[in-house]
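Enquirer: Before anything else, here's the structure in question.
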Amino acid sequence: MSTRIGVVTFPGTLDDRDALRAVRIAGAEPVSLWHRDKSLKQVDAVVLPGGFSYGDYLRAGAISRFSPIMELIIAGAKEGLPVLGICNGFQVLTESHLLPGAMLRNNHLHFICRDQKLRVENANTAWTCDYTAGDEISIPLKNIDGRYTADERTLDQLEAEGRVAFRYVGMNPNGSLRDIAGITNEAGNVVGLMPHPEHAVEPLVGTGRTDGLGFFTSILKRLISA
Amino acid sequence: MTLDTVKHAEQTPDTPLPWAELGLKPDEYERIVEILGRRPTGAELAMYSVMWSEHCSYKSSKVHLKQFGEKAPQSDAMLVGIGENAGVVDVGQGYAVTFKVESHNHPSYVEPYQGAATGVGGIVRDILAMGARPVAVMDPLRFGAADHPDTKRVLPGVVAGIGGYGNCLGLPNIGGEVVFDSCYQGNPLVNALCVGVMKHEDIHLAKASGTGNKVILYGARTGGDGIGGVSVLASETFEAAGDSASGRGKTAKRPAVQVGDPFQEKLLIECTLEIFREKLVVGIQDLGGAGLSCATSELASAGSGGMRVELDTVPLRDATLSPEEILMSESQERMCAVVEPQHVNRFMEICEKWDVIATVIGEVTDGDRLEIFWHGEQIVDVPPRTVAHEGPVYQRPYARPEWQDTLQADDAAKLPRPASGDELRAAVLRLIGSPNQASKAWVTDQYDRFVLGNTVLSQPEDAGLIRIDEESGLGVAVATDGNGRYAKLDPYTGAQLALAEAYRNVAATGARPLAVTDCLNFGSPEDPSAMWQFAEACRGLADGCLALGTPVTGGNVSFYNQTGDVAIHPTPVVGVLGVIDDVTRRTPIAFAEEGQLIYLLGETREEFGGSAWSQVEHDHLGGLPPAVDLEREKLLAEILIAGSRDGMIDAAHDLSDGGLVQALVESCLKGGKGARIVIPDTASDSGSAAGDPFVTLFSESAGRAVVAVPRSEELRFTDMCGARGLPATRIGVIDGDALAVQGEFTIPLDELREVFEGALPALLG
Amino acid sequence: MARVVVDVMLKPEILDPQGQAVQRALPRLGFDGISGVRQGKRFELEVEGPVDEAALTRIHTMAETFLANTVIEDFIVKVES
């Protein structure tokens, strides 16, 4: 049986088709999930893609968090269901308290779209195990509310437990504390990051690099070996 | 207060109406009375006044725009031509592409963020209404001087508005332009282009047919957006005149600024596409300028029957709106569909799924009138064609301005030129560090260019290029260009240069140019000089399109871009769409491989009229623009496309403003590789300028490009150029980490990058 | 109908670049003497029925779980007459 990876569409989600394509290119079976769905359709993992769900009104991710499908995902994640939150998906994960901290307006106040260099700090999570710790990858970054913040105690704890999964390299594009680009939960099944691996899975489009494909091959490897 | 019904209008023929305040001329008002056989009601007057405005009726431009149809080249690619929401072009494999550029100039000056945002929203709905999924946007922008304080107000707002709206819709922004010139001070140009893709069988048109079919308004609620002009109908003057067309009396003036909600538009797009997939609509129209007045009259006018609308069923955001205001409201994110009765339930279900409000507001009748009712009383009874398609047409007087000769006599050839290598070096740095020639990343990095995962090329490439079929690799390229300085010197040639540049830019990526859209930005049509510029530009563009075989599929005219007597430079912005069978064959601008040979294609002459150099170094505008040779442009395009397809060139960059040196700097910086350049000597066939480093580097002769050729392909490439008769001159090699012009100067890439990329951030913060 | 207002502000320790941008603009516009600006959100809730203790408790919960993100924001609930 093939590995089924769900991609959730909220009203205002934008990168759902890109995430479905990335799942397909990595060799898994992409499954569309709708925010009002009351079932996870037997998926083995879930991607919360980027976009402006509910227009990012109130706060990015704040309204989506209360969708019916999020109840299932929150419950599932606590039981070990692998969940990857990209950009707006990361914001949904922090609003859901599956991951600590929050995202604020970029320190320069502009939307920024660029190729961003990251360092993979933790290659043990469900979504990074196909990388090696210390790998530097370049994938697109595009957001206006991307400044990661958390209180000092939380940040120290994240560092101590190796839960900073990705750090910006070269330049910090938005003022994120400790250059944090992405984090994981303690169990390593829930990962969130601001940059977009799903836009870097084909040599011709997007950045022209395939540095993001590893996220999707990682989860496939993890699920198959499980 | 009494409602101004049709019956009431018949009974009170002598009631004075504020037609002049609504912008109608005496003879126009008389014609309305003649058409109706009575005085119009307040609601009818509102509809006619807005639909007969310059913006909606094209009354001053129509006689000139006709040429785009009359002179249109024979093209099998054209599926839907001028007159619909947007033209549609066949790109093969069963796909059709629709694209159009529109202006949102004045609103963007008043409120830059919302003006620019709603400009994006409007053009995207135009494309959606054709049945297509919008897949990319781009924005040709023009602002006042870069260091003017008002530019610092307008530009960041416009850019944030385009980004805020477009990014939230999930449409990659793949190109466009940013130009500064003091002539646009107070009259910035904010043009917006959208591209959409569909299968041939999915093309939809704006027409209401089939008696008994339902008219459904869906999307946002209707509020008081953008009806400042019509509020005169509720003004004291009108009340004092002894009538109440509006029924609302002395209220505050409604806001003239429309506010966009991109989230609502995203839902509207997905909802509409799902409705198309299930084939639930007979006709569809977006609501843009003139709102419901436009949508209902155009749908009814293009259809076979009449239409009856119950205006009080329209969902409102503001319950105090009068019927006239509801008809005029330009609230964003609304669409109007004509649906067979048996499909209405399913239509409503899909709207419910996407949280989109949908209301049956009327139906198609077997009559030939557009009839609108307000709580059962009839307030509009008109022949819809007279509102939508048979408005006034003017032959505005036009005359070549008397200053044109003086301007053209002020030849740029007399300007002092750099005389040494050091002076050339300094001139290069000043050129690429000038606001118009510097990197536009400060702007374009605020736009999402990656979303949808099909962007193959985007800014700063010559054209945006997107894949439309993942299996076959079919793609389309779009470029927009316009040069107001050239057009000021000679509007006929200027329009053709804009066309030629966009055409060349598309071909430089390896795509075959197919069709044209245009946004014609000019001063007042009531000024014979501006009207002459417009007439000449239309003539030039129509002749050019015929010569290149690329028909105009649609576009937009924006007049009255002037403050007092001072108009902007005439600015025809031309968008060209091309097709590429396999996007893996695309050609980028970057010099990426050391050792590859750099060839200059085309001929270089001494042409500095309207050039970037004359502006940057001498603040000069005079003489004649570069000469146009459209046969040469076609040949150059064929070579670029063949070179791309057959793997003979690895990089290509068109030469336009800033000339050869600008292109070299951009290609070097994009690829992170230097170049060693040798100025061709006089024995070569590269044109009259050969041997002169200044002319070779800075001239803006048209019909040229620079390409990078792998050594293994050199013979094959030069043979092809020789056989086809295109001058191709080897001018250097990709090498090192500097731009070195032998015997003249060397500039390290780091220095070039700092100047090129640092200029706009330094100005805009 | 009574109105309850919920003011949501970033916590004092959280950087507020929007507020800072406003503050930087003030002297340019000729408004001196402002040493700090922070930008927040105001929610005006039209409440059906009486604004009693139970209603306020519900609104408090709403603010805590939804209107504000207490990781970064504080909130105040006020009853307007």
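Residues in the structure tokens are named by chain (A, B, ... in the order shown) and by number from 1 within that chain; ligands are numbered from 1 in the order shown.
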Considering only C-alpha atoms, return as number ranges by chain whatever protein or nucleic-acid residues lie within 9 Å of Gly40 in chain C, sequence-local ones (same chain, fewer than 5 positions apart) excluded.

Expert: C: 7-10, 19

Enquirer: Would you mind listing, for every residue of chain C within 10 Å of chain A, the two atoms forming the shortest contact and the distance between them in Å to one decimal, using only C-alpha atoms, sorted by chain and ascending residue number, as a Markdown table?

Expert:
```
| residue | atom | partner | partner_atom | distance |
| --- | --- | --- | --- | --- |
| C:Leu10 | CA | A:Leu104 | CA | 9.9 |
| C:Glu13 | CA | A:Asp151 | CA | 9.1 |
| C:Ile14 | CA | A:Thr149 | CA | 8.2 |
| C:Leu15 | CA | A:Asn107 | CA | 8.3 |
| C:Asp16 | CA | A:Asn107 | CA | 8.1 |
| C:Pro17 | CA | A:Asn107 | CA | 5.7 |
| C:Gln18 | CA | A:Leu109 | CA | 7.1 |
| C:Gln20 | CA | A:Asn107 | CA | 9.9 |
| C:Ala21 | CA | A:Leu109 | CA | 8.8 |
| C:Lys41 | CA | A:Leu58 | CA | 9.0 |
| C:Thr65 | CA | A:Glu95 | CA | 9.5 |
| C:Phe66 | CA | A:Ala62 | CA | 7.0 |
| C:Leu67 | CA | A:Leu58 | CA | 7.0 |
| C:Ala68 | CA | A:Leu58 | CA | 8.5 |
| C:Asn69 | CA | A:Glu95 | CA | 7.4 |
| C:Thr70 | CA | A:Ala102 | CA | 9.6 |
| C:Val71 | CA | A:Gly101 | CA | 6.5 |
| C:Ile72 | CA | A:Ala102 | CA | 7.0 |
```

Enquirer: Name the residues in contact with Asn174 in chain A at a cut-off of 12 Å, using only C-alpha atoms, excluding same-chain residues fewer than 4 positions from it; report them as a PyMOL selection string.

Expert: (chain A and resi 103-114+116+141-149+168+178-181+194-195) or (chain C and resi 17)

Enquirer: Residues of chain A were defined as contacting chain B if any atom lay at most 8 Å from it, counting only C-alpha atoms; please report them as number ranges by chain.

Expert: A: 11-12, 14-15, 17-18, 51-52, 54-55, 110-114, 140, 142, 199, 204-206

Enquirer: Per DSSP on the backbone, filter range 264-495 of chain B down to the residues in strand (DSSP E) and report them as an mmCIF file with N, CA and C atoms, in the first residue's frame.

Expert:
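Saved the output as selection_31.cif:
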```cif
data_model
loop_
_atom_site.group_PDB
_atom_site.id
_atom_site.type_symbol
_atom_site.label_atom_id
_atom_site.label_comp_id
_atom_site.auth_asym_id
_atom_site.auth_seq_id
_atom_site.Cartn_x
_atom_site.Cartn_y
_atom_site.Cartn_z
ATOM 1 N N GLY B 283 -23.672 32.566 -18.923
ATOM 2 C CA GLY B 283 -22.889 33.766 -19.176
ATOM 3 C C GLY B 283 -22.379 34.292 -17.848
ATOM 4 N N ILE B 284 -21.293 35.039 -17.895
ATOM 5 C CA ILE B 284 -20.743 35.545 -16.632
ATOM 6 C C ILE B 284 -20.040 36.869 -16.876
ATOM 7 N N GLN B 285 -20.099 37.730 -15.882
ATOM 8 C CA GLN B 285 -19.465 39.045 -15.990
ATOM 9 C C GLN B 285 -18.961 39.427 -14.609
ATOM 10 N N ASP B 286 -17.775 40.025 -14.577
ATOM 11 C CA ASP B 286 -17.288 40.521 -13.291
ATOM 12 C C ASP B 286 -17.835 41.918 -13.060
ATOM 13 N N GLY B 306 -34.131 40.266 -22.898
ATOM 14 C CA GLY B 306 -34.022 41.372 -21.963
ATOM 15 C C GLY B 306 -33.655 40.844 -20.589
ATOM 16 N N MET B 307 -33.745 41.713 -19.588
ATOM 17 C CA MET B 307 -33.418 41.277 -18.235
ATOM 18 C C MET B 307 -34.255 42.074 -17.246
ATOM 19 N N ARG B 308 -34.689 41.346 -16.206
ATOM 20 C CA ARG B 308 -35.444 42.004 -15.148
ATOM 21 C C ARG B 308 -34.696 41.793 -13.840
ATOM 22 N N VAL B 309 -34.452 42.873 -13.113
ATOM 23 C CA VAL B 309 -33.666 42.787 -11.883
ATOM 24 C C VAL B 309 -34.455 43.388 -10.728
ATOM 25 N N GLU B 310 -34.500 42.654 -9.604
ATOM 26 C CA GLU B 310 -35.109 43.183 -8.372
ATOM 27 C C GLU B 310 -33.970 43.729 -7.522
ATOM 28 N N ARG B 334 -17.042 41.042 -6.603
ATOM 29 C CA ARG B 334 -18.390 40.576 -6.946
ATOM 30 C C ARG B 334 -18.409 40.086 -8.392
ATOM 31 N N MET B 335 -19.269 39.095 -8.652
ATOM 32 C CA MET B 335 -19.456 38.580 -10.009
ATOM 33 C C MET B 335 -20.952 38.419 -10.250
ATOM 34 N N CYS B 336 -21.321 38.390 -11.519
ATOM 35 C CA CYS B 336 -22.719 38.233 -11.887
ATOM 36 C C CYS B 336 -22.798 37.097 -12.908
ATOM 37 N N ALA B 337 -23.632 36.087 -12.632
ATOM 38 C CA ALA B 337 -23.721 34.926 -13.506
ATOM 39 C C ALA B 337 -25.154 34.732 -13.986
ATOM 40 N N VAL B 338 -25.283 34.183 -15.192
ATOM 41 C CA VAL B 338 -26.591 33.803 -15.712
ATOM 42 C C VAL B 338 -26.649 32.282 -15.693
ATOM 43 N N VAL B 339 -27.678 31.746 -14.994
ATOM 44 C CA VAL B 339 -27.701 30.317 -14.679
ATOM 45 C C VAL B 339 -29.082 29.749 -15.032
ATOM 46 N N ALA B 358 -24.441 34.353 -2.301
ATOM 47 C CA ALA B 358 -24.993 34.373 -3.661
ATOM 48 C C ALA B 358 -26.488 34.624 -3.582
ATOM 49 N N THR B 359 -26.993 35.465 -4.478
ATOM 50 C CA THR B 359 -28.402 35.851 -4.455
ATOM 51 C C THR B 359 -28.942 35.921 -5.873
ATOM 52 N N VAL B 360 -30.103 35.312 -6.093
ATOM 53 C CA VAL B 360 -30.781 35.505 -7.370
ATOM 54 C C VAL B 360 -31.363 36.915 -7.340
ATOM 55 N N ILE B 361 -30.918 37.751 -8.248
ATOM 56 C CA ILE B 361 -31.415 39.137 -8.246
ATOM 57 C C ILE B 361 -32.326 39.412 -9.436
ATOM 58 N N GLY B 362 -32.465 38.450 -10.333
ATOM 59 C CA GLY B 362 -33.325 38.724 -11.477
ATOM 60 C C GLY B 362 -33.326 37.574 -12.453
ATOM 61 N N GLU B 363 -33.906 37.816 -13.637
ATOM 62 C CA GLU B 363 -33.899 36.772 -14.648
ATOM 63 C C GLU B 363 -33.897 37.359 -16.047
ATOM 64 N N VAL B 364 -33.557 36.480 -16.996
ATOM 65 C CA VAL B 364 -33.558 36.863 -18.401
ATOM 66 C C VAL B 364 -34.998 36.812 -18.893
ATOM 67 N N THR B 365 -35.420 37.856 -19.604
ATOM 68 C CA THR B 365 -36.799 37.916 -20.101
ATOM 69 C C THR B 365 -36.803 37.789 -21.620
ATOM 70 N N LEU B 370 -33.940 46.280 -20.445
ATOM 71 C CA LEU B 370 -33.395 46.038 -19.111
ATOM 72 C C LEU B 370 -34.309 46.767 -18.135
ATOM 73 N N GLU B 371 -34.973 45.987 -17.272
ATOM 74 C CA GLU B 371 -35.946 46.564 -16.349
ATOM 75 C C GLU B 371 -35.482 46.314 -14.919
ATOM 76 N N ILE B 372 -35.408 47.382 -14.148
ATOM 77 C CA ILE B 372 -34.945 47.242 -12.774
ATOM 78 C C ILE B 372 -36.021 47.761 -11.823
ATOM 79 N N PHE B 373 -36.287 46.967 -10.789
ATOM 80 C CA PHE B 373 -37.356 47.281 -9.847
ATOM 81 C C PHE B 373 -36.796 47.488 -8.449
ATOM 82 N N TRP B 374 -37.469 48.324 -7.690
ATOM 83 C CA TRP B 374 -37.081 48.595 -6.301
ATOM 84 C C TRP B 374 -38.332 48.423 -5.461
ATOM 85 N N GLU B 377 -41.499 48.579 -7.532
ATOM 86 C CA GLU B 377 -41.732 49.719 -8.418
ATOM 87 C C GLU B 377 -40.597 49.838 -9.431
ATOM 88 N N GLN B 378 -40.966 50.122 -10.674
ATOM 89 C CA GLN B 378 -39.963 50.133 -11.730
ATOM 90 C C GLN B 378 -39.193 51.443 -11.751
ATOM 91 N N ILE B 379 -37.868 51.334 -11.674
ATOM 92 C CA ILE B 379 -37.042 52.545 -11.672
ATOM 93 C C ILE B 379 -36.157 52.630 -12.915
ATOM 94 N N VAL B 380 -36.023 51.522 -13.664
ATOM 95 C CA VAL B 380 -35.235 51.549 -14.900
ATOM 96 C C VAL B 380 -35.986 50.769 -15.969
ATOM 97 N N ASP B 381 -36.077 51.346 -17.146
ATOM 98 C CA ASP B 381 -36.680 50.666 -18.298
ATOM 99 C C ASP B 381 -35.946 51.181 -19.535
ATOM 100 N N VAL B 382 -34.896 50.486 -19.919
ATOM 101 C CA VAL B 382 -34.035 50.992 -20.998
ATOM 102 C C VAL B 382 -33.684 49.881 -21.983
ATOM 103 N N THR B 455 6.542 28.730 -11.997
ATOM 104 C CA THR B 455 7.313 29.876 -12.473
ATOM 105 C C THR B 455 8.695 29.417 -12.929
ATOM 106 N N VAL B 456 8.947 29.530 -14.226
ATOM 107 C CA VAL B 456 10.234 29.132 -14.788
ATOM 108 C C VAL B 456 11.171 30.340 -14.847
ATOM 109 N N LEU B 457 10.646 31.485 -15.273
ATOM 110 C CA LEU B 457 11.424 32.721 -15.276
ATOM 111 C C LEU B 457 10.556 33.833 -14.691
ATOM 112 N N GLY B 464 8.511 37.106 -18.076
ATOM 113 C CA GLY B 464 8.069 36.077 -17.146
ATOM 114 C C GLY B 464 7.680 34.856 -17.956
ATOM 115 N N LEU B 465 8.014 33.682 -17.446
ATOM 116 C CA LEU B 465 7.677 32.464 -18.192
ATOM 117 C C LEU B 465 7.116 31.433 -17.215
ATOM 118 N N ILE B 466 5.918 30.949 -17.520
ATOM 119 C CA ILE B 466 5.319 29.949 -16.642
ATOM 120 C C ILE B 466 4.950 28.700 -17.428
ATOM 121 N N ARG B 467 5.071 27.590 -16.737
ATOM 122 C CA ARG B 467 4.681 26.305 -17.307
ATOM 123 C C ARG B 467 3.166 26.195 -17.189
ATOM 124 N N GLY B 475 4.560 26.058 -22.141
ATOM 125 C CA GLY B 475 4.602 27.244 -21.300
ATOM 126 C C GLY B 475 4.274 28.506 -22.069
ATOM 127 N N VAL B 476 4.014 29.579 -21.336
ATOM 128 C CA VAL B 476 3.811 30.878 -21.976
ATOM 129 C C VAL B 476 4.712 31.921 -21.324
ATOM 130 N N ALA B 477 5.139 32.861 -22.157
ATOM 131 C CA ALA B 477 5.974 33.964 -21.689
ATOM 132 C C ALA B 477 5.216 35.263 -21.899
ATOM 133 N N VAL B 478 5.390 36.196 -20.979
ATOM 134 C CA VAL B 478 4.769 37.512 -21.126
ATOM 135 C C VAL B 478 5.782 38.587 -20.737
ATOM 136 N N ALA B 479 5.827 39.637 -21.540
ATOM 137 C CA ALA B 479 6.645 40.798 -21.199
ATOM 138 C C ALA B 479 5.821 42.054 -21.439
ATOM 139 N N THR B 480 6.038 43.072 -20.609
ATOM 140 C CA THR B 480 5.423 44.365 -20.888
ATOM 141 C C THR B 480 6.528 45.407 -21.006
ATOM 142 N N ASP B 481 6.339 46.322 -21.931
ATOM 143 C CA ASP B 481 7.303 47.394 -22.097
ATOM 144 C C ASP B 481 6.611 48.661 -22.553
#
```

Enquirer: Would you pick out the contacts of Phe698 in chain B at 9 Å or less, using only C-alpha atoms, so that residues sharing its chain but fewer than 5 positions from it are not included, and give the list as a PDB file with N, CA and C atoms, in the first residue's frame?

Expert:
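This went into result_37.pdb:
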```
ATOM      1  N   VAL B 428      29.292  54.413 -16.711  1.00  0.00           N
ATOM      2  CA  VAL B 428      28.619  53.122 -16.529  1.00  0.00           C
ATOM      3  C   VAL B 428      28.045  53.022 -15.113  1.00  0.00           C
ATOM      4  N   GLU B 607      22.431  56.244 -31.747  1.00  0.00           N
ATOM      5  CA  GLU B 607      21.049  56.592 -31.448  1.00  0.00           C
ATOM      6  C   GLU B 607      20.924  56.894 -29.956  1.00  0.00           C
ATOM      7  N   PHE B 608      20.812  58.178 -29.650  1.00  0.00           N
ATOM      8  CA  PHE B 608      20.777  58.596 -28.247  1.00  0.00           C
ATOM      9  C   PHE B 608      19.548  59.425 -27.884  1.00  0.00           C
ATOM     10  N   SER B 611      17.459  58.425 -24.827  1.00  0.00           N
ATOM     11  CA  SER B 611      18.196  57.324 -24.199  1.00  0.00           C
ATOM     12  C   SER B 611      18.327  57.513 -22.689  1.00  0.00           C
ATOM     13  N   ALA B 612      18.593  56.407 -22.026  1.00  0.00           N
ATOM     14  CA  ALA B 612      18.837  56.460 -20.583  1.00  0.00           C
ATOM     15  C   ALA B 612      20.076  57.301 -20.293  1.00  0.00           C
ATOM     16  N   TRP B 613      21.095  57.146 -21.153  1.00  0.00           N
ATOM     17  CA  TRP B 613      22.322  57.930 -20.954  1.00  0.00           C
ATOM     18  C   TRP B 613      22.037  59.430 -21.004  1.00  0.00           C
ATOM     19  N   ASP B 657      16.769  50.145 -23.095  1.00  0.00           N
ATOM     20  CA  ASP B 657      17.261  51.325 -22.405  1.00  0.00           C
ATOM     21  C   ASP B 657      18.550  51.003 -21.659  1.00  0.00           C
ATOM     22  N   GLY B 658      19.527  51.880 -21.822  1.00  0.00           N
ATOM     23  CA  GLY B 658      20.841  51.634 -21.231  1.00  0.00           C
ATOM     24  C   GLY B 658      21.789  50.934 -22.183  1.00  0.00           C
ATOM     25  N   GLY B 659      21.244  50.357 -23.256  1.00  0.00           N
ATOM     26  CA  GLY B 659      22.084  49.782 -24.299  1.00  0.00           C
ATOM     27  C   GLY B 659      22.841  48.531 -23.884  1.00  0.00           C
ATOM     28  N   LEU B 660      23.935  48.261 -24.626  1.00  0.00           N
ATOM     29  CA  LEU B 660      24.706  47.025 -24.436  1.00  0.00           C
ATOM     30  C   LEU B 660      25.260  46.904 -23.020  1.00  0.00           C
ATOM     31  N   VAL B 661      25.757  48.007 -22.478  1.00  0.00           N
ATOM     32  CA  VAL B 661      26.451  47.896 -21.200  1.00  0.00           C
ATOM     33  C   VAL B 661      25.470  47.517 -20.085  1.00  0.00           C
ATOM     34  N   GLN B 662      24.259  48.030 -20.175  1.00  0.00           N
ATOM     35  CA  GLN B 662      23.232  47.677 -19.193  1.00  0.00           C
ATOM     36  C   GLN B 662      22.953  46.166 -19.237  1.00  0.00           C
ATOM     37  N   PRO B 693      33.799  52.994 -28.626  1.00  0.00           N
ATOM     38  CA  PRO B 693      33.359  52.290 -27.412  1.00  0.00           C
ATOM     39  C   PRO B 693      32.120  52.916 -26.775  1.00  0.00           C
TER      40      PRO B 693
END
```

Enquirer: Just give me the gap between CA of Val31 in chain A and CA of Ser225 in chain A in Å, one decimal is fine.

Expert: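 For CA of Val31 in chain A relative to CA of Ser225 in chain A, the distance reads 20.7 Å.
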
Enquirer: So that I can check the surroundings of range 72-79 of chain A, please list as a ChimeraX atom specification every protein, DNA and RNA residue that reaches within 10 Å of it, counting only C-alpha atoms and ignoring chain neighbours fewer than 5 positions away.

Expert: /A:37-40,45-46,48,65,67,93,96-98,185,187,189-190

Enquirer: Between range 537-602 of chain B and range 193-209 of chain B, at 10 Å or less, what are the per-residue closest atom pairs and their distances in Å? Count only C-alpha atoms, order by chain and rising residue number, and return it as CSV.

Expert:
```
residue,atom,partner,partner_atom,distance
B:Gly555,CA,B:Leu193,CA,9.5
B:Gly575,CA,B:Leu193,CA,8.2
B:Leu577,CA,B:Val195,CA,9.1
```

Enquirer: Pull the alpha helix (DSSP H) assignments for range 42-220 of chain A out of DSSP run on the backbone, and list those residues as a ChimeraX atom specification.

Expert: /A:68-78,88-95,152-160,213-220

Enquirer: Within 6 Å of range 746-761 of chain B, counting only C-alpha atoms, which residues qualify if same-chain residues fewer than 2 places away don't, as a PyMOL selection string?

Expert: chain B and resi 432-433+438-439+737-740+763-765

Enquirer: Keeping only N, CA and C atoms, write the selected residues as a CSV table (one decimal), in the first residue's frame.

Expert:
```csv
chain,number,residue,atom,x,y,z
B,432,ILE,N,24.0,52.6,-14.2
B,432,ILE,CA,23.4,51.4,-13.5
B,432,ILE,C,23.0,51.7,-12.1
B,433,GLY,N,23.5,52.9,-11.6
B,433,GLY,CA,23.1,53.3,-10.2
B,433,GLY,C,21.9,54.3,-10.3
B,438,ALA,N,18.7,50.8,-12.2
B,438,ALA,CA,19.2,50.0,-11.1
B,438,ALA,C,18.3,48.8,-10.9
B,439,SER,N,18.7,47.9,-10.1
B,439,SER,CA,17.9,46.7,-9.8
B,439,SER,C,16.6,47.1,-9.2
B,737,ASP,N,35.8,37.8,-12.7
B,737,ASP,CA,34.8,38.3,-11.8
B,737,ASP,C,34.8,39.8,-11.9
B,738,ALA,N,34.9,40.3,-13.2
B,738,ALA,CA,34.8,41.7,-13.5
B,738,ALA,C,34.2,41.9,-14.9
B,739,LEU,N,33.6,43.1,-15.1
B,739,LEU,CA,33.3,43.4,-16.5
B,739,LEU,C,34.4,44.2,-17.0
B,740,ALA,N,35.1,43.7,-18.0
B,740,ALA,CA,36.3,44.3,-18.5
B,740,ALA,C,36.1,44.6,-19.9
B,763,LEU,N,17.3,54.9,-1.8
B,763,LEU,CA,16.3,55.9,-2.0
B,763,LEU,C,15.0,55.7,-1.2
B,764,LEU,N,14.7,54.4,-1.1
B,764,LEU,CA,13.3,54.0,-0.5
B,764,LEU,C,13.4,53.5,0.9
B,765,GLY,N,14.6,53.2,1.4
B,765,GLY,CA,14.7,52.7,2.7
B,765,GLY,C,14.4,51.3,2.9
```

Enquirer: When you draw a straight line from CA of Leu715 in chain B to CA of Thr604 in chain B, how long is it in Å?

Expert: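 Separating CA of Leu715 in chain B from CA of Thr604 in chain B is a distance of 22.8 Å.
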
Enquirer: Work out how far apart CA of Ala165 in chain A and CA of Pro203 in chain A are and give it in Å to one decimal.

Expert: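 Those two atoms sit 24.6 Å apart.
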
Enquirer: Report as a PyMOL selection string all protein, DNA and RNA residues lying within 7 Å of Pro341 in chain B, evaluated on only C-alpha atoms, omitting residues in the same chain fewer than 2 positions from it.

Expert: chain B and resi 213-214+339+343-344

Enquirer: Return the single residue from B:Asp518, B:Asp225, B:Glu423, B:Asp14 that is closest to Asn191 in chain B, with distances computed using only C-alpha atoms.

Expert: B:Asp518

Enquirer: Between B:Ala145, B:Met130, B:Leu292, B:Leu600, which one has atoms that come closest to Gly81 in chain B, using only C-alpha atoms?

Expert: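 Counting only C-alpha atoms, the residue closest to Gly81 in chain B is B:Met130.
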